[in-house]
Amino acid sequence: MKAIYLDSIQKLSERDIPTPVPKAHQVLVQIKSVGICGSDVHYWHNGRIGSFVVKEPMVLGHECSGVVVESGGEVKGLKRGDRVVIEPGEPCRKCEYCMSGRYNLCRDIAFFATPPYDGCLLEYVVFDSNFVYKIPDEIEDFGLATLAEPMAVGVFSTSRLKPRLGDRAIVFGAGIIGIACMMAARAVGCKEISVADIRDERLAKALKMGADRVINLKSERLPENHYDVGYDATGADQCYALAVQAVKPGGRMSLVGMGPDMQSAPLVEYVCREINIVTSFRYANSFPQAISLVKENKGRLEEFITHRLPFDLKNVERALHTAFSDQSAGKVVLDFA
Ligand SMILES: [Zn+2]
Ligand SMILES: [Zn+2]
């Protein structure tokens, strides 16, 4: 089968590797679509994210959908022909985090396209069936189904933030993660959801995705002491400073975005205003809700996918370039034959 490897910074190659055989608890999935994520672009462009460094050639991609072609003897509830999405991390199932349900914190999780683990920009992959979910019939498009992965980030950050019914929310960052936070906040009953960013095209998209209000941080002032909860999906220092004023004293702020290793934030303001900072990393126990969010927001999310390319070496390169440099790009998706 065909697989696309990141050999070194901005160098990709196509290889022919053996098709894997599922173990008893695994399914073999034929990949149908893969969404390009910011982390794929980072690894391709910089060869690293924080302490994760690409030292050996690695297959990129962690947002995928496909069809089950074979299942191991112990697999229940999945059969040949099922359309599925994969939650792309296999935790150890033994450590204190796994045992308490916080498996996203497992130190031994094998996560797609995080060194040293390969991702899903290849034709077939085997995966633990417990992390493989059926796609509902309403989501006909495999490309749309890949959005369950970024949606899961929004679902999980929301389950950590715990907004109450009727809370006013602000989301910093109008990329797919910001949109996911907005849609999850809406689903749990937040009202008057604002999305803030510095680019008008992105804000226009956020409005179409269902934001009640959009704010361009370059030209508009944020209301002060207005929101009950906030999300940062940018990882930018300036947003931490703006957020602490926009959120009401006693409110909560969710940090989802990842910025540079060392950042500054006016923590004394957070202390004096008792604004709790709630962090979240990837997701745990969030895929079923994320798939529902994709289903409920199907029409809108279809519009978020701006580029679709057939899977081959040249197009993977093109997709990464587009995601990196095209300001108007939403989600870039590779489709398999
Ligand atoms: Zn992703
Ligand atoms: Zn574990």
# chains A, B, ... in the order shown; residues from 1 in each chain; ligands from 1

call {"tool": "closest_atom_pairs", "arguments": {"of": "region 40-118 of chain A", "to": "region 264-286 of chain A", "cutoff": "7 Å", "atoms": "only C-alpha atoms", "output": "JSON lines"}}
result
{"residue": "A:Arg102", "atom": "CA", "partner": "A:Ala284", "partner_atom": "CA", "distance": 6.3}
{"residue": "A:Tyr103", "atom": "CA", "partner": "A:Ala284", "partner_atom": "CA", "distance": 6.2}
{"residue": "A:Asn104", "atom": "CA", "partner": "A:Ala284", "partner_atom": "CA", "distance": 5.5}

call {"tool": "write_last_selection", "arguments": {"atoms": "C-alpha atoms", "output": "PDB file, in the first residue's frame"}}
result
ATOM      1  CA  ARG A 102      -8.257  10.753  31.692  1.00  0.00           C
ATOM      2  CA  TYR A 103      -6.517   8.754  29.007  1.00  0.00           C
ATOM      3  CA  ASN A 104      -5.531  11.838  27.016  1.00  0.00           C
TER       4      ASN A 104
END

call {"tool": "select_by_dssp", "arguments": {"residues": "region 61-228 of chain A", "states": "helix (DSSP H, G or I)", "output": "ChimeraX atom specification"}}
result
/A:96-99,103-105,129-131,142-145,148-161,176-187,200-208

call {"tool": "residues_near_ligand", "arguments": {"ligand": "ligand 2", "cutoff": "10 Å", "atoms": "only C-alpha atoms and all ligand atoms", "output": "list in words"}}
result
Glu90, Pro91, Cys92, Arg93, Lys94, Cys95, Glu96, Tyr97, Cys98, Met99, Ser100, Gly101, Arg102, Tyr103, Asn104, Leu105, Cys106, Arg107, Asp108, Ile109 and Ala110 of chain A

call {"tool": "write_last_selection", "arguments": {"atoms": "N, CA and C atoms", "output": "short mmCIF file (atom, residue, chain, number, x, y, z; two decimals), in the first residue's frame"}}
result
data_model
loop_
_atom_site.label_atom_id
_atom_site.label_comp_id
_atom_site.auth_asym_id
_atom_site.auth_seq_id
_atom_site.Cartn_x
_atom_site.Cartn_y
_atom_site.Cartn_z
N GLU A 90 -4.05 5.72 20.93
CA GLU A 90 -4.25 4.46 21.67
C GLU A 90 -3.49 4.56 22.98
N PRO A 91 -4.23 4.75 24.10
CA PRO A 91 -3.54 4.86 25.39
C PRO A 91 -3.15 3.49 25.94
N CYS A 92 -2.38 3.48 27.05
CA CYS A 92 -1.84 2.19 27.55
C CYS A 92 -2.89 1.35 28.27
N ARG A 93 -3.94 1.99 28.79
CA ARG A 93 -5.02 1.33 29.53
C ARG A 93 -4.60 0.80 30.90
N LYS A 94 -3.43 1.14 31.37
CA LYS A 94 -2.95 0.59 32.65
C LYS A 94 -2.59 1.66 33.67
N CYS A 95 -2.22 2.84 33.22
CA CYS A 95 -1.69 3.84 34.15
C CYS A 95 -2.82 4.52 34.93
N GLU A 96 -2.43 5.37 35.89
CA GLU A 96 -3.47 6.03 36.72
C GLU A 96 -4.40 6.91 35.87
N TYR A 97 -3.86 7.51 34.80
CA TYR A 97 -4.70 8.38 33.96
C TYR A 97 -5.70 7.55 33.16
N CYS A 98 -5.21 6.47 32.59
CA CYS A 98 -6.11 5.60 31.84
C CYS A 98 -7.18 5.03 32.76
N MET A 99 -6.77 4.60 33.94
CA MET A 99 -7.71 3.97 34.86
C MET A 99 -8.76 4.95 35.37
N SER A 100 -8.42 6.25 35.40
CA SER A 100 -9.40 7.22 35.88
C SER A 100 -10.15 7.90 34.74
N GLY A 101 -9.97 7.41 33.52
CA GLY A 101 -10.73 7.96 32.39
C GLY A 101 -10.08 9.17 31.74
N ARG A 102 -8.93 9.58 32.28
CA ARG A 102 -8.26 10.75 31.69
C ARG A 102 -7.14 10.27 30.77
N TYR A 103 -7.53 9.45 29.81
CA TYR A 103 -6.52 8.75 29.01
C TYR A 103 -5.77 9.67 28.05
N ASN A 104 -6.30 10.90 27.85
CA ASN A 104 -5.53 11.84 27.02
C ASN A 104 -4.22 12.24 27.69
N LEU A 105 -4.13 12.03 29.02
CA LEU A 105 -2.91 12.37 29.74
C LEU A 105 -1.95 11.19 29.86
N CYS A 106 -2.32 10.04 29.34
CA CYS A 106 -1.48 8.85 29.39
C CYS A 106 -0.10 9.17 28.82
N ARG A 107 0.94 8.83 29.55
CA ARG A 107 2.30 9.11 29.09
C ARG A 107 2.72 8.17 27.96
N ASP A 108 2.00 7.09 27.82
CA ASP A 108 2.38 6.10 26.80
C ASP A 108 1.38 6.04 25.66
N ILE A 109 0.60 7.08 25.47
CA ILE A 109 -0.39 7.06 24.39
C ILE A 109 0.33 7.08 23.03
N ALA A 110 -0.11 6.21 22.14
CA ALA A 110 0.43 6.21 20.78
C ALA A 110 -0.53 7.01 19.92
#

call {"tool": "select_by_dssp", "arguments": {"residues": "region 1-157 of chain A", "states": "strand (DSSP E or B)", "output": "PyMOL selection string"}}
result
chain A and resi 2-8+11-16+26-36+48-49+52-53+58-59+63-71+83-86+89-90+110-111+114+117+122+124-128+132-134

call {"tool": "closest_residue", "arguments": {"among": "A:His62, A:Arg186, A:Lys23, A:His226", "to": "ligand 1", "atoms": "only C-alpha atoms and all ligand atoms"}}
result
A:His62

call {"tool": "atom_distance", "arguments": {"atom1": "CA of Pro116 (chain A)", "atom2": "CA of Val256 (chain A)"}}
result
23.4 Å

call {"tool": "residues_near_ligand", "arguments": {"ligand": "ligand 1", "cutoff": "6 Å", "atoms": "only C-alpha atoms and all ligand atoms", "output": "list in words"}}
result
Cys37, Glu63 and Pro150 of chain A
